[in-house]
Each structure stands twice: as structure tokens, then as C-alpha cells.
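Participant: I have a structure here, written as C-alpha cells, and I will follow up with some questions on it.
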Amino acid sequence: MNNELVINSVPNEVTIALLDNKRLIEIHREKKNSNSFSVGDIYLGRVKKVMAGLNAAFVDVGYEKDAFLHYLDLGPQVASLNKYSQHVLSGKQNHSNLMYFKMEEDIPKDGKIGNIISSNQQVLVQISKEPISTKGPRITSELSLAGRYLVLVPFSERISISQKIRDSEEKIRLKRLITSIKPKNFGVIIRTVAEGKSVAELDADLNDLVKKWETCFQALKTAKPPQKVLGEINRTSVLLRDLLNESFNGIYVNDNALLEEIKTYVHTIAPDKENILKLYKGQEPIFDNFGVDKQIKALFGKTVNLKSGAYLIVEHTEALHVIDVNSGNRAKSDNNQETNALEVNLDAAVEVARQLRLRDMGGIIVVDFIDMHAQQNRKLLFDKMREEMRKDKAKHNILPPSKFGLIQITRQRVRPEMNIEINEKCPTCGGSGEVQPSILLIDQIETDLQHIVKELNQKSLTLCVHPYLEAFLTKGFISSLRRKWQSKLGAKIKVRAVSSYHFLEYHFLNSTEDEIMI
């Protein structure tokens with residue numbers, strides 16, 4: 001496996017692409033300086049309504065719609081949490097350490113939420129599912145702080161180990177080790193990546209999590225609901241924390257400030273990986289250089305083509321997602337129908353698993369594979385689907401193919417689905433249905449150049465255009481339009497071809513590669 005992370009930073013947004021052997025398998029977007037409600041954020045909220053019929057409550061955490069808190073999401077130690085937060089807010093709790101904190105009894109599994117919390121009460125909660133569509137965030141009172149190797153769970157004494165760690169001796173070693181170093185009244189979940197790690201590495205990770213709990217305590221002392229008291233790290237760091245391993249051989253960033261921020265974080269979690277961090281200085285956009293833009297255009301449409309000639313049709317509804325598998329021109333004359341169907345379905349299973357990760361599709365997914373009559377072939381397809389889905393970190397369940405060839409999948413949904421609009425406006429009419437005189441385009445560019453050079457005092461700039469237009473503007477070494485504009489305006493002008501632009505699209509960049517707004 002050969003993994004690369006390509007990070008494109010623009011003024012208002014960071015887009016992160018995860019490549020596996022140059023194939024795009026995940027893409028994430030994060031707004032800069034936005035008050036987003038990310039999974040893992042901890043808020044001091046205020047209970048607005050207790051709904052006895054739903055055995056749930058609605059809590060104001062600052063979002064436009066109240067967050068939903070079900071009784072089952074309270075966690076068994078919620079009484080201890082409520083007592084702790086009240087003591088911190090009133091000044092009775094002077095330190096974050098829980099060693100001398102008197103724990104309350106666990107709440108019953110089948111109790112009523114009205115017996116635990118009441119309207120207008122201040123509660124400490126954590127985002128478990130981001131706002132999706134018309135719904136507000138889903139929250140929990142069972143707080144957890146995730147690290148590289150461990151997850152810290154306050155108000156618990158339980159030590160849990162990832163089921164993916166199979167070695168029984170390693171499980172015993174890890175449990176004994178964590179038991180000896182964990183603070184009192186804190187539970188710990190040992191993550192899969194902790195396998196084989198030394199006591200020093202695990203202790204350092206645990207200490208970092210205890211410091212995060214101290215940060216939460218300090219913020220809670222002066223908090224007024226609704227207020228965020230502890231934010232999850234940014235999406236880039238989350239991906240590095242959860243994914244960074246020996247298979248990564250490159251992390252490319254086009255922003256120096258962000259690179260330094262990532263380098264600082266990587267130094268704390270994997271110092272040996274600092275050398276794979278690289279600042280991208282190429283002339284063309286970073287996503288164009290690594291082939292990410294082209295893959296996005298090919299993979300986010302309604303129709304997804306496979307190399308074999310088969311294709312998928314992806315449809316989304318409010319209730320579920322449907323993927324239809326079609327053989328297209330894949331059929332081979334020398335194979336019978338059953339063999340062709342199996343080959344197409346196995347190819348499609350790989351792409352379906354990739355699409356679920358790429359688009360972060362959650363909820364119910366129904367995949368309509370091509371019908372196969374042989375039971376052993378249906379089993380082969382089911383096994384292939386499960387094998388490909390093992391790479392997916394989101395919780396999921398897969399049912400065997402039905403007699404109609406349908407495979408049903410449920411996949412954990414904690415944030416909105418990644419939806420990228422790939423349809424482009426008509427380069428001639430701009431979507432209006434009316435054609436602007438293209439003969440005036442050169443005059444318009446020249447007018448803009450005059451404004452930039454004379455009014456904005458930019459003496460060195462780059463004009464980014466479609467490759468066809470670039471060829472026209474630079475045709476003839478001495479007599480080209482670019483040379484004439486340079487002589488006329490007394491400025492240094494470069495022309496750069498950008499293949500992802502519309503035919504009549506153009507932009508200006510200054511000497512530091514920032515776009516000039518006109």
C-alpha cells in the first residue's frame with residue numbers, strides 16, 4: 001500500500017485528499033475559522049425541553065436547531081458528570097484530577113430521562129453526529145477524548161481493547177500496562193494502532209489526553225451556556241492521528257503556515273514521519289498536479305464508469321442511497337452470462353466500497369448487482385464486498401445478496417455526505433442560454449490588466465486561462481499579445497494554462513500566487 005495526503009489550502013477552506021496508489025479514496029473539506037459543530041467537540045449546553053414520550057431531551061448548544069440527547073446516549077456515569085460540572089461551575093471543584101472525586105452510582109439502563117435532567121439545567125455534552133440536512137447535532141453525555149493510541153473516558157474505570165487486536169498475549173500486556181499508568185476514575189479504550197507500542201509511547205499519549213481534560217476543566221470554570229469548552233483538532237490532524245502509518249510516503253501541502261502547523265502535530269505523534277512532509281511549489285494547482293481534480297470529476301457524478309466498461313448509477317434520496325450496477329459493454333462473447341455477471345459484480349464491489357468512503361455515504365445503502373443464479377457466486381460476491389469494506393473505518397453492516405441480487409448495507413453517518421457538483425456551466429453561455437460576444441474577451445482581459453497595473457499598482461502578475469486561450473495569447477515570441485501588453489503597461493505578465501478552467505474563464509494572481517480580486 002502506498003498512501004499520500006494532498007492538502008489544498010485556499011483562503012476560506014482546506015480540502016484534504018487521501019490517495020491510495022494514486023487512486024482517490026477519501027476527500028474531506030473543512031471551512032477555516034468557522035463555528036462548525038464537529039464530532040468530538042464538547043459544549044456546555046442548556047436543556048430546552050425534556051420529551052418524556054421520546055425519552056429524550058433537546059439541548060441548546062448554540063446551533064440554529066437544538067441538539068438531540070436520547071436517554072441511551074446519557075452514558076451510565078452521567079450523574080457523576082453532572083455533579084462534576086456543577087461543582088466546577090460553582091467553584092467547589094478546584095482541579096481537574098478525579099482521584100478524590102466521589103463517584104455517583106450508574107443510572108439504570110431502562111430509566112427515564114426526566115429523572116436525570118430537567119429543563120433549563122446546564123449539561124456538559126459532546127457532539128456525536130454533526131448537523132445533517134434539517135436535523136440539529138446529535139449529542140452524548142458519555143464524554144471521550146481520542147488520542148493516537150488511546151481514548152480517555154472520564155468517570156469510568158473500565159479498560160477496553162480493540163477487537164481488531166487478535167493476539168491474546170498482546171491484549172494481556174496492553175491491559176496490564178494501562179492499568180499501571182492510568183489515573184483513577186478514568187477509563188481507557190486501547191485503539192488498534194496501540195498494538196506493539198512501548199510503555200513510553202502509550203504513557204505520552206495518555207498524558208496528552210489528561211492535559212486535554214485539564215484544558216476542558218479550565219474552560220468550563222468560566223463558561224456560560226451555550227459555549228464550546230473543548231474543540232476537536234482540525235480534520236487534517238484527525239486524519240493524521242487515525243491514519244498515519246508506515247504506508248504513508250508523502251504529505252503535500254500548498255500553504256507554508258499550514259505545513260508548519262502539521263509538522264508540529266506530526267512531531268508529537270510520529271517524529272519519524274516528519275521527513276515525508278513537503279511544501280508544494282509547483283506552478284499548476286496542487287490538485288491538478290496530483291490528478292485529484294480529474295478523479296473528482298470522474299467519481300462524483302451520477303454515473304461512475306469502471307475501467308472494464310461496466311458502470312454504476314448512484315442515486316440519493318432522503319431515506320436511503322441506491323447504487324445500480326450495469327455491465328455496459330463489458331460482456332465477453334467467449335464467456336457465459338453467469339461468468340460475465342460475476343466478473344462485473346466483483347469489479348463493481350471494489351468501486352462501491354470506494355464510493356461509500358469517498359462520498360461518506362451513511363444510513364441505508366442498497367446495491368443492485370447483476371443477478372446471479374449460482375449460490376457459490378453470490379457467496380463470492382458477498383465475501384468480496386466484506387473484504388473491501390474492511391478498509392472502511394466507519395461502522396457498517398452488510399447483508400448477503402437477496403434472491404433479487406440486492407446487497408443491503410448500513411453505514412455509520414456522523415457528518416453530512418460529501419457532495420461535489422461536477423457539472424460545469426456551458427463555457428459559451430455561462431448557463432444563461434445566451435451567448436456573449438467572444439470577440440470582446442481579449443478586450444475585457446486587457447481592460448482588467450490596465451486596472452490591476454495602474455489602479456492596484458501590481459507590476460508583476462500571472463494570467464491564468466484555458467490552454468486554448470494560453471496558446472492564442474503567447475503565439476509568436478515577439479509579436480504575441482502577452483509581449484504587447486507588457487510593453488504597453490510596463491509590467492511583467494506571465495500567462496499560465498489551467499486545464500480545469502472553462503474556455504472563457506480567467507483569473508489574475510499576484511507575485512505571491514494569491515488571486516487578485518477585481
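In the C-alpha cells, each chain is lettered A, B, ... as it comes, each chain's residues begin at 1, and ligands are numbered from 1 in order of appearance.
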Can you tell me which residues surround range 48-60 of chain A at a distance of at most 9 Å, considering only C-alpha atoms, apart from same-chain residues fewer than 5 positions away, and format the answer as a ChimeraX atom specification?
Facilitator: /A:65-72,111-114,117-121,123,139,225-226
Participant: For the residues selected in the previous step, produce a file with N, CA and C atoms as a compact mmCIF listing (two decimals), in the first residue's frame.
Facilitator:
# COMPACT_ATOMS: atom_id res chain seq x y z
N LYS A 65 -30.61 24.92 15.44
CA LYS A 65 -31.61 23.97 15.93
C LYS A 65 -31.04 23.27 17.16
N ASP A 66 -31.91 22.98 18.11
CA ASP A 66 -31.45 22.35 19.35
C ASP A 66 -30.91 20.95 19.06
N ALA A 67 -29.89 20.55 19.83
CA ALA A 67 -29.29 19.23 19.70
C ALA A 67 -30.16 18.18 20.39
N PHE A 68 -30.08 16.94 19.89
CA PHE A 68 -30.92 15.85 20.38
C PHE A 68 -30.11 14.95 21.30
N LEU A 69 -30.64 14.73 22.51
CA LEU A 69 -29.97 13.88 23.51
C LEU A 69 -30.93 12.81 23.98
N HIS A 70 -30.70 11.55 23.58
CA HIS A 70 -31.55 10.43 23.99
C HIS A 70 -31.04 9.85 25.31
N TYR A 71 -31.96 9.20 26.04
CA TYR A 71 -31.58 8.59 27.32
C TYR A 71 -30.42 7.62 27.16
N LEU A 72 -30.44 6.84 26.07
CA LEU A 72 -29.39 5.84 25.85
C LEU A 72 -28.03 6.48 25.58
N GLY A 111 -34.10 3.51 32.45
CA GLY A 111 -34.70 4.59 33.22
C GLY A 111 -35.38 5.65 32.36
N LYS A 112 -35.82 6.72 33.01
CA LYS A 112 -36.49 7.83 32.33
C LYS A 112 -35.60 9.07 32.39
N ILE A 113 -35.53 9.77 31.28
CA ILE A 113 -34.62 10.92 31.20
C ILE A 113 -35.05 12.04 32.14
N GLY A 114 -36.36 12.13 32.42
CA GLY A 114 -36.85 13.16 33.33
C GLY A 114 -36.35 13.01 34.75
N ILE A 117 -32.24 14.61 34.13
CA ILE A 117 -32.03 16.02 33.81
C ILE A 117 -33.39 16.72 33.74
N SER A 118 -33.37 18.04 33.86
CA SER A 118 -34.60 18.82 33.83
C SER A 118 -34.42 20.06 32.97
N SER A 119 -35.51 20.68 32.60
CA SER A 119 -35.46 21.87 31.75
C SER A 119 -34.65 22.97 32.41
N ASN A 120 -33.90 23.69 31.58
CA ASN A 120 -33.06 24.82 32.00
C ASN A 120 -31.78 24.39 32.73
N GLN A 121 -31.55 23.09 32.85
CA GLN A 121 -30.33 22.60 33.51
C GLN A 121 -29.12 22.77 32.58
N VAL A 123 -25.76 21.34 31.12
CA VAL A 123 -25.20 20.00 30.95
C VAL A 123 -23.96 20.04 30.07
N ILE A 139 -26.06 14.50 20.28
CA ILE A 139 -25.07 14.67 21.33
C ILE A 139 -25.12 13.51 22.31
N PRO A 225 -23.50 28.84 29.13
CA PRO A 225 -24.15 28.10 28.03
C PRO A 225 -24.90 29.04 27.08
N PRO A 226 -24.96 28.74 25.78
CA PRO A 226 -24.23 27.63 25.12
C PRO A 226 -22.81 28.07 24.75
Participant: Taking the backbone alone, and naming residues the way the document does, which bits of range 82-225 of chain A are alpha helix (DSSP H) by DSSP, as a count of residues only?
Facilitator: 46
Participant: May I have the residues within 8 Å of Arg158 in chain A as an MDAnalysis selection string, using only C-alpha atoms and disregarding those fewer than 5 positions away in the same chain?
Facilitator: chainID A and resid 186:188
Participant: Write a file of the just-selected residues containing N, CA and C atoms, as a PDB file, in the first residue's frame.
Facilitator:
ATOM      1  N   PHE A 186     -10.709   7.274  35.590  1.00  0.00           N
ATOM      2  CA  PHE A 186     -10.654   7.447  34.140  1.00  0.00           C
ATOM      3  C   PHE A 186     -10.612   6.066  33.496  1.00  0.00           C
ATOM      4  N   GLY A 187     -11.501   5.822  32.536  1.00  0.00           N
ATOM      5  CA  GLY A 187     -11.444   4.598  31.747  1.00  0.00           C
ATOM      6  C   GLY A 187     -10.602   4.827  30.508  1.00  0.00           C
ATOM      7  N   VAL A 188     -10.166   3.744  29.897  1.00  0.00           N
ATOM      8  CA  VAL A 188      -9.321   3.848  28.697  1.00  0.00           C
ATOM      9  C   VAL A 188      -9.767   2.818  27.662  1.00  0.00           C
TER      10      VAL A 188
END
Participant: Could you go through range 123-172 of chain A and tell me which residues DSSP, when run on the backbone, assigns to strand (DSSP E or B), listing them as a list in words?
Facilitator: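 Everything in range 123-172 of chain A that counts as strand (DSSP E or B) is Val123, Leu124, Val125, Gln126, Ile127, Ser128, Lys129, Ile132, Lys135, Arg138, Ile139, Thr140, Leu145, Ala146, Leu150, Val151, Leu152, Val153, Pro154, Ile159, Ser160 and Ile161 of chain A.
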Participant: Keeping N, CA and C atoms for every residue in the selection just given, could you write it to a file as a PDB file, in the first residue's frame?
Facilitator:
ATOM      1  N   VAL A 123     -25.761  21.343  31.115  1.00  0.00           N
ATOM      2  CA  VAL A 123     -25.205  19.999  30.952  1.00  0.00           C
ATOM      3  C   VAL A 123     -23.965  20.044  30.071  1.00  0.00           C
ATOM      4  N   LEU A 124     -23.011  19.172  30.374  1.00  0.00           N
ATOM      5  CA  LEU A 124     -21.792  19.042  29.573  1.00  0.00           C
ATOM      6  C   LEU A 124     -22.013  17.899  28.592  1.00  0.00           C
ATOM      7  N   VAL A 125     -21.917  18.201  27.303  1.00  0.00           N
ATOM      8  CA  VAL A 125     -22.240  17.203  26.270  1.00  0.00           C
ATOM      9  C   VAL A 125     -21.177  17.226  25.175  1.00  0.00           C
ATOM     10  N   GLN A 126     -21.155  16.163  24.364  1.00  0.00           N
ATOM     11  CA  GLN A 126     -20.192  16.031  23.267  1.00  0.00           C
ATOM     12  C   GLN A 126     -20.933  15.726  21.978  1.00  0.00           C
ATOM     13  N   ILE A 127     -20.491  16.341  20.877  1.00  0.00           N
ATOM     14  CA  ILE A 127     -21.127  16.095  19.578  1.00  0.00           C
ATOM     15  C   ILE A 127     -20.791  14.673  19.111  1.00  0.00           C
ATOM     16  N   SER A 128     -21.818  13.863  18.852  1.00  0.00           N
ATOM     17  CA  SER A 128     -21.598  12.506  18.334  1.00  0.00           C
ATOM     18  C   SER A 128     -21.993  12.392  16.865  1.00  0.00           C
ATOM     19  N   LYS A 129     -22.824  13.320  16.397  1.00  0.00           N
ATOM     20  CA  LYS A 129     -23.202  13.351  14.981  1.00  0.00           C
ATOM     21  C   LYS A 129     -23.428  14.798  14.586  1.00  0.00           C
ATOM     22  N   ILE A 132     -27.108  17.347  10.079  1.00  0.00           N
ATOM     23  CA  ILE A 132     -27.294  16.784   8.743  1.00  0.00           C
ATOM     24  C   ILE A 132     -28.678  17.170   8.240  1.00  0.00           C
ATOM     25  N   LYS A 135     -31.757  18.389  10.419  1.00  0.00           N
ATOM     26  CA  LYS A 135     -31.616  17.975  11.814  1.00  0.00           C
ATOM     27  C   LYS A 135     -30.454  18.707  12.488  1.00  0.00           C
ATOM     28  N   ARG A 138     -26.498  15.553  16.980  1.00  0.00           N
ATOM     29  CA  ARG A 138     -26.809  14.504  17.963  1.00  0.00           C
ATOM     30  C   ARG A 138     -25.695  14.558  19.004  1.00  0.00           C
ATOM     31  N   ILE A 139     -26.064  14.499  20.278  1.00  0.00           N
ATOM     32  CA  ILE A 139     -25.073  14.668  21.330  1.00  0.00           C
ATOM     33  C   ILE A 139     -25.116  13.506  22.315  1.00  0.00           C
ATOM     34  N   THR A 140     -24.068  13.396  23.130  1.00  0.00           N
ATOM     35  CA  THR A 140     -23.960  12.364  24.151  1.00  0.00           C
ATOM     36  C   THR A 140     -23.350  12.978  25.409  1.00  0.00           C
ATOM     37  N   LEU A 145     -12.134  11.379  25.015  1.00  0.00           N
ATOM     38  CA  LEU A 145     -11.081  12.175  24.383  1.00  0.00           C
ATOM     39  C   LEU A 145     -10.173  11.228  23.616  1.00  0.00           C
ATOM     40  N   ALA A 146     -10.139  11.382  22.291  1.00  0.00           N
ATOM     41  CA  ALA A 146      -9.397  10.451  21.438  1.00  0.00           C
ATOM     42  C   ALA A 146      -7.964  10.905  21.240  1.00  0.00           C
ATOM     43  N   LEU A 150      -4.820   5.782  22.333  1.00  0.00           N
ATOM     44  CA  LEU A 150      -5.783   5.547  23.404  1.00  0.00           C
ATOM     45  C   LEU A 150      -6.961   6.506  23.299  1.00  0.00           C
ATOM     46  N   VAL A 151      -8.068   6.140  23.931  1.00  0.00           N
ATOM     47  CA  VAL A 151      -9.213   7.028  24.107  1.00  0.00           C
ATOM     48  C   VAL A 151      -9.476   7.110  25.604  1.00  0.00           C
ATOM     49  N   LEU A 152      -9.498   8.326  26.144  1.00  0.00           N
ATOM     50  CA  LEU A 152      -9.689   8.533  27.580  1.00  0.00           C
ATOM     51  C   LEU A 152     -11.174   8.766  27.859  1.00  0.00           C
ATOM     52  N   VAL A 153     -11.729   8.021  28.824  1.00  0.00           N
ATOM     53  CA  VAL A 153     -13.150   8.123  29.165  1.00  0.00           C
ATOM     54  C   VAL A 153     -13.274   8.530  30.637  1.00  0.00           C
ATOM     55  N   PRO A 154     -13.572   9.810  30.908  1.00  0.00           N
ATOM     56  CA  PRO A 154     -13.712  10.248  32.304  1.00  0.00           C
ATOM     57  C   PRO A 154     -14.891   9.566  33.007  1.00  0.00           C
ATOM     58  N   ILE A 159     -11.291  -0.694  31.270  1.00  0.00           N
ATOM     59  CA  ILE A 159     -10.268  -0.719  30.224  1.00  0.00           C
ATOM     60  C   ILE A 159     -10.755  -1.649  29.109  1.00  0.00           C
ATOM     61  N   SER A 160     -10.942  -1.100  27.913  1.00  0.00           N
ATOM     62  CA  SER A 160     -11.412  -1.884  26.764  1.00  0.00           C
ATOM     63  C   SER A 160     -10.306  -1.953  25.717  1.00  0.00           C
ATOM     64  N   ILE A 161     -10.307  -3.039  24.956  1.00  0.00           N
ATOM     65  CA  ILE A 161      -9.279  -3.239  23.927  1.00  0.00           C
ATOM     66  C   ILE A 161      -9.954  -3.465  22.582  1.00  0.00           C
TER      67      ILE A 161
END
Participant: Give me the residues near range 374-384 of chain A as a VMD selection string, where near means some atom within 12 Å (using only C-alpha atoms) and where sequence neighbours in that chain fewer than 5 positions away do not count.
Facilitator: chain A and resid 337 to 353 367 369 389 to 391 397 to 409
Participant: Tell me, as JSON, numbers by chain, which residues lie within 9 Å of Asp242 in chain A, counting only C-alpha atoms; anything in the same chain fewer than 6 positions away does not count.
Facilitator: {"A": [147, 148, 149, 193]}
Participant: My list of candidates is A:His95, A:His466, A:His396, A:Arg386. Which is closest to Glu214 in chain A when distances are computed with only C-alpha atoms?
Facilitator: A:His95
Participant: What does the distance between CA of Lys228 in chain A and CA of Ile116 in chain A come to in Å, to one decimal place?
Facilitator: 22.4 Å
Participant: Find, counting only C-alpha atoms, the residue in A:Gln86, A:Thr236, A:Gln122, A:Ser96 that gets nearest to Cys216 in chain A.
Facilitator: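 Distance minimum relative to Cys216 in chain A lands on A:Ser96.
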Participant: Mind checking which residues fall within 7 Å of Val498 in chain A, counting only C-alpha atoms, ignoring those fewer than 5 positions away in the same chain, and posting them as a list in words?
Facilitator: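 Answer for this query is Glu284, Cys464, Val465, His466 and Pro467 of chain A.
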Participant: Under the rule that only C-alpha atoms are counted, which of A:Leu259, A:Val10, A:Ile445, A:Leu24 is the nearest residue to Phe290 in chain A?
Facilitator: A:Leu24
Participant: Which residues, written as a list of chain:residue names, have at least one atom at most 9 Å from Lys102 in chain A, with only C-alpha atoms counted and residues fewer than 3 positions away on the same chain left out?
Facilitator: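 Near neighbours after the sequence-gap exclusion: A:Ser80, A:Leu98, A:Met99.
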